[in-house]
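Raw start-v1.csv, CSV, C-alpha atoms and all ligand atoms:
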chain,number,residue,atom,x,y,z
O,1,SER,CA,-19.4,-2.5,17.5
O,2,LYS,CA,-16.2,-1.0,16.1
O,3,LYS,CA,-13.0,-2.1,14.5
O,4,ALA,CA,-9.9,-0.4,13.2
O,5,PHE,CA,-10.0,-0.1,9.4
O,6,ILE,CA,-6.5,0.1,8.0
O,7,PHE,CA,-5.8,0.9,4.4
O,8,ASP,CA,-2.8,0.4,2.3
O,9,LEU,CA,-2.4,3.3,-0.2
O,10,ASP,CA,-0.7,2.3,-3.5
O,11,GLY,CA,-3.0,-0.2,-5.3
O,12,VAL,CA,-5.8,0.0,-2.8
O,13,ILE,CA,-6.8,3.7,-2.7
O,14,VAL,CA,-5.1,4.8,-5.9
O,15,ASP,CA,-3.5,3.0,-8.8
O,16,THR,CA,0.0,4.3,-8.6
O,17,ALA,CA,1.6,0.9,-9.4
O,18,LYS,CA,1.6,1.8,-13.1
O,19,PHE,CA,3.7,4.9,-12.3
O,20,HIS,CA,6.1,3.1,-9.9
O,21,PHE,CA,6.5,0.6,-12.8
O,22,VAL,CA,7.4,3.2,-15.3
O,23,ALA,CA,9.9,4.9,-13.0
O,24,TRP,CA,11.5,1.6,-11.9
O,25,GLN,CA,11.7,0.4,-15.5
O,26,ARG,CA,13.5,3.6,-16.6
O,27,LEU,CA,15.9,3.2,-13.7
O,28,ALA,CA,16.5,-0.5,-14.5
O,29,ALA,CA,17.1,0.4,-18.2
O,30,SER,CA,19.7,3.0,-17.2
O,31,LEU,CA,21.6,0.2,-15.5
O,32,GLY,CA,21.1,-2.2,-18.4
O,33,ILE,CA,18.7,-4.3,-16.4
O,34,ASN,CA,15.5,-5.9,-17.8
O,35,PHE,CA,12.4,-5.1,-15.8
O,36,THR,CA,8.9,-6.4,-16.6
O,37,GLU,CA,5.4,-6.4,-15.0
O,38,LYS,CA,6.2,-9.7,-13.3
O,39,GLU,CA,9.1,-8.2,-11.3
O,40,ASN,CA,7.0,-5.1,-10.7
O,41,GLU,CA,4.4,-7.3,-9.0
O,42,GLN,CA,7.0,-8.4,-6.5
O,43,LEU,CA,7.8,-4.8,-5.6
O,44,LYS,CA,4.3,-3.9,-4.6
O,45,GLY,CA,4.4,-3.0,-0.9
O,46,VAL,CA,8.1,-3.0,-0.9
O,47,SER,CA,9.9,0.1,0.3
O,48,ARG,CA,11.9,2.2,-2.1
O,49,VAL,CA,15.3,1.2,-0.8
O,50,ASN,CA,14.4,-2.5,-0.8
O,51,SER,CA,13.0,-2.3,-4.3
O,52,LEU,CA,16.2,-1.0,-5.7
O,53,LYS,CA,18.1,-3.7,-3.8
O,54,LYS,CA,15.9,-6.3,-5.4
O,55,ILE,CA,16.3,-4.9,-8.9
O,56,LEU,CA,20.1,-4.9,-8.6
O,57,GLU,CA,19.9,-8.5,-7.3
O,58,TRP,CA,17.7,-9.6,-10.2
O,59,GLY,CA,20.1,-7.8,-12.6
O,60,ASP,CA,23.1,-9.3,-10.9
O,61,LYS,CA,24.6,-5.8,-10.6
O,62,GLU,CA,26.5,-4.0,-7.9
O,63,ILE,CA,26.7,-0.2,-7.6
O,64,SER,CA,28.5,2.2,-5.3
O,65,PRO,CA,26.5,3.6,-2.3
O,66,GLU,CA,26.7,7.0,-4.0
O,67,LEU,CA,25.2,5.8,-7.2
O,68,PHE,CA,22.6,3.8,-5.2
O,69,GLN,CA,21.5,7.0,-3.5
O,70,GLU,CA,21.5,8.9,-6.8
O,71,LYS,CA,19.3,6.3,-8.5
O,72,MET,CA,16.8,6.3,-5.6
O,73,ASP,CA,16.6,10.1,-5.7
O,74,GLN,CA,16.2,10.0,-9.5
O,75,LYS,CA,13.5,7.4,-9.2
O,76,ASN,CA,11.5,9.5,-6.9
O,77,ILE,CA,11.8,12.7,-9.0
O,78,GLU,CA,10.5,10.8,-12.0
O,79,TYR,CA,7.7,9.2,-9.9
O,80,LEU,CA,6.6,12.6,-8.5
O,81,ASP,CA,6.6,13.9,-12.0
O,82,LEU,CA,4.4,11.0,-13.2
O,83,ILE,CA,1.9,11.5,-10.4
O,84,LYS,CA,1.7,15.3,-10.5
O,85,THR,CA,-1.7,15.3,-12.1
O,86,LEU,CA,-3.3,12.9,-9.6
O,87,SER,CA,-6.7,14.1,-8.5
O,88,VAL,CA,-9.9,12.9,-6.9
O,89,ASN,CA,-10.7,11.2,-10.2
O,90,ASP,CA,-7.9,8.7,-9.6
O,91,ILE,CA,-9.4,7.2,-6.4
O,92,LEU,CA,-10.1,3.5,-7.2
O,93,PRO,CA,-13.7,2.4,-7.7
O,94,GLY,CA,-15.8,2.2,-4.5
O,95,VAL,CA,-13.1,3.4,-2.2
O,96,HIS,CA,-14.5,6.9,-1.6
O,97,ASP,CA,-18.0,5.5,-0.8
O,98,PHE,CA,-16.5,2.9,1.5
O,99,LEU,CA,-14.6,5.6,3.4
O,100,LEU,CA,-17.8,7.7,3.6
O,101,GLU,CA,-19.8,4.8,5.0
O,102,LEU,CA,-17.1,4.1,7.6
O,103,LYS,CA,-17.2,7.8,8.6
O,104,SER,CA,-20.9,7.8,8.9
O,105,GLN,CA,-20.6,4.8,11.2
O,106,ASN,CA,-17.9,6.6,13.2
O,107,GLN,CA,-15.5,3.8,12.5
O,108,PRO,CA,-11.8,4.6,13.1
O,109,ILE,CA,-9.7,4.8,9.8
O,110,ALA,CA,-5.9,4.5,9.4
O,111,LEU,CA,-3.5,4.5,6.6
O,112,GLY,CA,-0.7,1.9,6.7
O,113,SER,CA,1.6,2.5,3.7
O,114,ALA,CA,5.3,1.9,2.9
O,115,SER,CA,5.3,5.1,0.8
O,116,LYS,CA,7.2,8.2,1.8
O,117,ASN,CA,4.9,10.1,-0.6
O,118,ALA,CA,1.7,9.0,1.2
O,119,ARG,CA,0.6,12.3,2.7
O,120,PRO,CA,0.9,14.5,-0.4
O,121,ILE,CA,-0.8,11.8,-2.5
O,122,LEU,CA,-3.8,11.6,0.0
O,123,GLU,CA,-4.0,15.4,-0.3
O,124,LYS,CA,-4.1,15.3,-4.1
O,125,LEU,CA,-6.9,12.8,-3.8
O,126,GLY,CA,-8.8,15.0,-1.4
O,127,VAL,CA,-9.2,12.3,1.3
O,128,LYS,CA,-6.4,13.0,3.7
O,129,ASP,CA,-8.8,14.4,6.4
O,130,MET,CA,-10.8,11.1,6.4
O,131,PHE,CA,-7.9,9.4,8.1
O,132,ASP,CA,-7.7,9.5,11.9
O,133,VAL,CA,-4.1,8.1,11.8
O,134,ILE,CA,-1.5,8.0,9.1
O,135,VAL,CA,1.4,5.6,9.3
O,136,ASP,CA,3.7,5.7,6.3
O,137,GLY,CA,7.2,5.1,5.1
O,138,THR,CA,8.5,8.1,7.1
O,139,ASN,CA,7.3,6.5,10.4
O,140,VAL,CA,8.4,2.8,10.1
O,141,THR,CA,11.8,1.1,10.3
O,142,LYS,CA,10.7,-2.4,9.2
O,143,ALA,CA,9.1,-2.9,5.8
O,144,LYS,CA,6.2,-5.2,5.0
O,145,PRO,CA,5.9,-8.3,5.3
O,146,ASP,CA,7.0,-7.1,8.8
O,147,PRO,CA,3.7,-6.1,10.6
O,148,GLU,CA,5.2,-3.0,12.2
O,149,VAL,CA,3.3,-0.5,10.0
O,150,PHE,CA,-0.1,-2.1,10.8
O,151,LEU,CA,0.6,-2.7,14.5
O,152,ASN,CA,1.7,1.0,14.8
O,153,ALA,CA,-1.6,2.1,13.1
O,154,CYS,CA,-3.9,-0.1,15.3
O,155,ASN,CA,-2.0,1.0,18.5
O,156,GLN,CA,-2.5,4.6,17.7
O,157,LEU,CA,-6.2,4.0,17.2
O,158,GLY,CA,-6.3,2.2,20.5
O,159,PHE,CA,-7.4,-1.2,19.0
O,160,SER,CA,-6.1,-4.7,19.3
O,161,PRO,CA,-4.9,-6.5,16.2
O,162,GLN,CA,-7.8,-9.0,16.3
O,163,ASP,CA,-10.1,-6.0,16.1
O,164,SER,CA,-8.4,-4.6,13.0
O,165,VAL,CA,-9.1,-5.1,9.3
O,166,VAL,CA,-6.4,-4.4,6.7
O,167,PHE,CA,-7.0,-3.7,3.0
O,168,GLU,CA,-4.0,-4.7,0.8
O,169,ASP,CA,-3.1,-5.3,-2.8
O,170,SER,CA,0.3,-6.8,-2.2
O,171,VAL,CA,1.5,-10.2,-1.1
O,172,ALA,CA,3.9,-8.7,1.4
O,173,GLY,CA,1.1,-6.5,2.8
O,174,VAL,CA,-1.3,-9.4,3.2
O,175,GLN,CA,1.4,-11.4,5.0
O,176,ALA,CA,2.1,-8.4,7.3
O,177,ALA,CA,-1.6,-8.2,8.2
O,178,ASN,CA,-1.8,-12.0,8.8
O,179,THR,CA,1.4,-12.0,11.0
O,180,ALA,CA,-0.1,-9.1,13.0
O,181,GLY,CA,-3.2,-11.3,13.6
O,182,MET,CA,-5.5,-8.9,11.7
O,183,ILE,CA,-8.2,-9.7,9.2
O,184,SER,CA,-6.7,-9.3,5.8
O,185,ILE,CA,-8.8,-8.3,2.8
O,186,GLY,CA,-7.0,-8.5,-0.6
O,187,LEU,CA,-7.8,-6.1,-3.4
O,188,GLY,CA,-6.7,-7.7,-6.7
O,189,GLU,CA,-6.4,-11.2,-8.1
O,190,LYS,CA,-7.4,-14.2,-6.0
O,191,ASP,CA,-4.5,-16.4,-7.2
O,192,ILE,CA,-1.9,-13.8,-6.3
O,193,LEU,CA,-3.5,-12.8,-2.9
O,194,HIS,CA,-4.6,-16.4,-1.9
O,195,GLU,CA,-3.2,-15.9,1.7
O,196,ALA,CA,-5.8,-13.1,2.4
O,197,ASP,CA,-9.0,-13.9,4.4
O,198,ALA,CA,-11.1,-12.6,1.5
O,199,VAL,CA,-10.2,-11.1,-2.0
O,200,PHE,CA,-12.1,-8.7,-4.2
O,201,ASN,CA,-11.1,-7.1,-7.5
O,202,HIS,CA,-12.5,-3.8,-6.3
O,203,PHE,CA,-14.3,-2.3,-3.4
O,204,THR,CA,-17.4,-2.2,-5.7
O,205,ASP,CA,-17.3,-6.1,-5.8
O,206,MET,CA,-17.9,-6.4,-2.1
O,207,PRO,CA,-21.4,-7.6,-1.1
O,208,GLN,CA,-24.0,-5.3,0.3
O,209,ASP,CA,-23.3,-4.2,3.9
O,210,TYR,CA,-19.8,-5.7,3.9
O,211,ILE,CA,-18.7,-3.4,6.6
O,212,ASN,CA,-21.2,-5.1,8.9
O,213,THR,CA,-19.9,-8.5,7.8
O,214,LEU,CA,-16.4,-7.3,8.7
O,215,LEU,CA,-17.5,-6.0,12.1
O,216,ASN,CA,-18.8,-9.5,12.9
O,217,LYS,CA,-15.8,-11.3,11.4
O,218,LYS,CA,-13.3,-13.1,13.6
O,219,LYS,CA,-9.8,-13.8,12.5
C,301,LIG,C1,4.2,1.2,-1.8
C,301,LIG,C2,4.3,0.7,-3.2
C,301,LIG,C3,5.7,0.3,-3.6
C,301,LIG,C4,6.6,1.5,-3.3
C,301,LIG,C5,6.6,1.8,-1.8
C,301,LIG,C6,7.5,3.0,-1.4
C,301,LIG,O1,4.3,0.1,-1.0
C,301,LIG,O2,3.5,-0.4,-3.4
C,301,LIG,O3,5.7,0.1,-5.0
C,301,LIG,O4,8.0,1.2,-3.6
C,301,LIG,O5,5.2,2.1,-1.5
C,301,LIG,O6,6.9,4.2,-2.0
C,301,LIG,P1,7.7,5.5,-2.1
C,301,LIG,O7,6.6,6.5,-2.5
C,301,LIG,O8,8.2,5.9,-0.7
C,301,LIG,O9,8.7,5.4,-3.1
C,302,MG,MG,-0.1,-1.5,-2.1
Is it possible to give me this structure as structure tokens?
Ligand code: G6P
Ligand code: MG
Amino acid sequence: SKKAFIFDLDGVIVDTAKFHFVAWQRLAASLGINFTEKENEQLKGVSRVNSLKKILEWGDKEISPELFQEKMDQKNIEYLDLIKTLSVNDILPGVHDFLLELKSQNQPIALGSASKNARPILEKLGVKDMFDVIVDGTNVTKAKPDPEVFLNACNQLGFSPQDSVVFEDSVAGVQAANTAGMISIGLGEKDILHEADAVFNHFTDMPQDYINTLLNKKK
């Protein structure tokens, strides 16, 4: 049997959250806003524009549309600088083997990410060609927790949502998968991702033959 396997990027395939954090923290500081790991957690899976809106809200700050655009551009320049040395060594534990196993079973693989930097990042990691479909921040209009990104991915693969599995590290992403009616697998902490159908710290913590378990799993 087959299912559509849909992967989030940041925090699932590669640990870019620490770089997003540094870039957002610098930006927040430039506006006199305090920004900690706790706030960063809430920005996981959240698009660039919505992230800046939230930071301004938390800091109770209003800025002009021009400055807003300038800050967004600046954030991405700093982020791109921070990730410029990303390589195959930065793929999170177990992900590469999991993708290889899916490939050997001819299972369809998609990316479902809010990031506009997704394609160049997958290239740096050397895994872009393993994805049959890539849906990223340049393709979607509605951000997670809206299910658009995942529905778009499973449609392109020709699968129905109930035959799709989503791997996510963010609360918004798990909610998006659940709203779509897809099996949601959380990567991270159980207490944060408690809405997911199953949670693992890393792909390496999944039981033997977990792909087979997923193929037989019903939502
Ligand atoms: C992912 C990350 C978010 C990030 C968003 C947009 O969802 O978890 O932290 O803000 O992508 O990424 P981008 O690369 O387009 O700024
Ligand atoms: Mg993520």
Around all the atoms of stretch 5-16 of chain O listed in the file, with 3 Å of room on each side, what axis-aligned box do you get, giving centre and edge lengths in Å to one decimal, as JSON?
{"center_x": -5.0, "center_y": 2.3, "center_z": 0.3, "size_x": 16.0, "size_y": 11.0, "size_z": 24.2}
Query raised in the report: Counting only C-alpha atoms and all ligand atoms, which protein, DNA or RNA residues come within 12 Å of ligand MG 302 (chain C), given as a ChimeraX atom specification?
Result: /O:7-18,20,40-47,111-115,118,136,144-145,166-174,176,186-188,193
Query - Shell around O:Ser30 at 12 Å using only C-alpha atoms, local window under 2 positions removed, as a PyMOL selection string - result: chain O and resi 23-28+32-35+55-56+59+67+71+74-75
Take the residues that were just selected and, keeping C-alpha atoms, output them as a PDB file, in the frame of the given file.
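result_26.pdb written:
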ATOM      1  CA  ALA O  23       9.900   4.900 -13.000  1.00  0.00           C
ATOM      2  CA  TRP O  24      11.500   1.600 -11.900  1.00  0.00           C
ATOM      3  CA  GLN O  25      11.700   0.400 -15.500  1.00  0.00           C
ATOM      4  CA  ARG O  26      13.500   3.600 -16.600  1.00  0.00           C
ATOM      5  CA  LEU O  27      15.900   3.200 -13.700  1.00  0.00           C
ATOM      6  CA  ALA O  28      16.500  -0.500 -14.500  1.00  0.00           C
ATOM      7  CA  GLY O  32      21.100  -2.200 -18.400  1.00  0.00           C
ATOM      8  CA  ILE O  33      18.700  -4.300 -16.400  1.00  0.00           C
ATOM      9  CA  ASN O  34      15.500  -5.900 -17.800  1.00  0.00           C
ATOM     10  CA  PHE O  35      12.400  -5.100 -15.800  1.00  0.00           C
ATOM     11  CA  ILE O  55      16.300  -4.900  -8.900  1.00  0.00           C
ATOM     12  CA  LEU O  56      20.100  -4.900  -8.600  1.00  0.00           C
ATOM     13  CA  GLY O  59      20.100  -7.800 -12.600  1.00  0.00           C
ATOM     14  CA  LEU O  67      25.200   5.800  -7.200  1.00  0.00           C
ATOM     15  CA  LYS O  71      19.300   6.300  -8.500  1.00  0.00           C
ATOM     16  CA  GLN O  74      16.200  10.000  -9.500  1.00  0.00           C
ATOM     17  CA  LYS O  75      13.500   7.400  -9.200  1.00  0.00           C
TER      18      LYS O  75
END
Scan for residues within 12 Å of the point (-15.6, -0.5, 17.6) in the coordinates of the file, using all atoms listed in the file, and reply as a short mmCIF file (atom, residue, chain, number, x, y, z; two decimals) with C-alpha atoms, in the frame of the given file.
data_model
loop_
_atom_site.label_atom_id
_atom_site.label_comp_id
_atom_site.auth_asym_id
_atom_site.auth_seq_id
_atom_site.Cartn_x
_atom_site.Cartn_y
_atom_site.Cartn_z
CA SER O 1 -19.40 -2.50 17.50
CA LYS O 2 -16.20 -1.00 16.10
CA LYS O 3 -13.00 -2.10 14.50
CA ALA O 4 -9.90 -0.40 13.20
CA PHE O 5 -10.00 -0.10 9.40
CA LEU O 102 -17.10 4.10 7.60
CA GLN O 105 -20.60 4.80 11.20
CA ASN O 106 -17.90 6.60 13.20
CA GLN O 107 -15.50 3.80 12.50
CA PRO O 108 -11.80 4.60 13.10
CA ILE O 109 -9.70 4.80 9.80
CA CYS O 154 -3.90 -0.10 15.30
CA LEU O 157 -6.20 4.00 17.20
CA GLY O 158 -6.30 2.20 20.50
CA PHE O 159 -7.40 -1.20 19.00
CA SER O 160 -6.10 -4.70 19.30
CA GLN O 162 -7.80 -9.00 16.30
CA ASP O 163 -10.10 -6.00 16.10
CA SER O 164 -8.40 -4.60 13.00
CA VAL O 165 -9.10 -5.10 9.30
CA ILE O 211 -18.70 -3.40 6.60
CA ASN O 212 -21.20 -5.10 8.90
CA LEU O 214 -16.40 -7.30 8.70
CA LEU O 215 -17.50 -6.00 12.10
CA ASN O 216 -18.80 -9.50 12.90
#
Requested in this report: Using all atoms listed in the file, pick whichever of O:Gln175, O:Lys53, O:Asn201, O:Thr36 has the shortest atom-to-atom distance to O:Glu148.
Outcome: O:Gln175
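Counting all atoms listed in the file and comparing O:Glu101, O:Glu62, O:Asp129, O:Asp73, the residue that lies closest to ligand LIG 301 (chain C) is O:Asp73.
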Query raised in the report: Which residue, O:Leu99, O:Ala198, O:Leu31, O:Ala143, has the smallest gap to ligand LIG 301 (chain C) when you use only C-alpha atoms and all ligand atoms?
Result: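 The closest residue to ligand LIG 301 (chain C) is O:Ala143.
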Requested in this report: One decimal, Å: what's the distance from atom CA of O:Ala180 over to atom CA of O:Pro120, could you say?
Outcome: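 Computing it gives 27.2 Å between the two atoms.
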Report task. Could you check which of O:Val149, O:Val127, O:Pro65, O:Leu92 is closest to ligand LIG 301 (chain C), using all atoms listed in the file? Result -> O:Val149
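Coordinates place atom CA of O:Asn152 at a distance of 14.4 Å from atom CA of O:Phe131.
Remark: for ligand LIG 301 (chain C), the closest of the candidate residues O:Ile63, O:Leu122, O:Ala196, O:Val88 is O:Leu122 (distances computed over only C-alpha atoms and all ligand atoms).
Proximity to O:Asn117 was assessed for O:Asp60, O:Met182, O:Gly94, O:Val135 counting all atoms listed in the file; the smallest distance is recorded for O:Val135.
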Requested in this report: Measure the distance from atom CA of O:Asp191 to atom CA of O:Asp90 in Å and round it to one decimal.
Outcome: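 The value is 25.4 Å.
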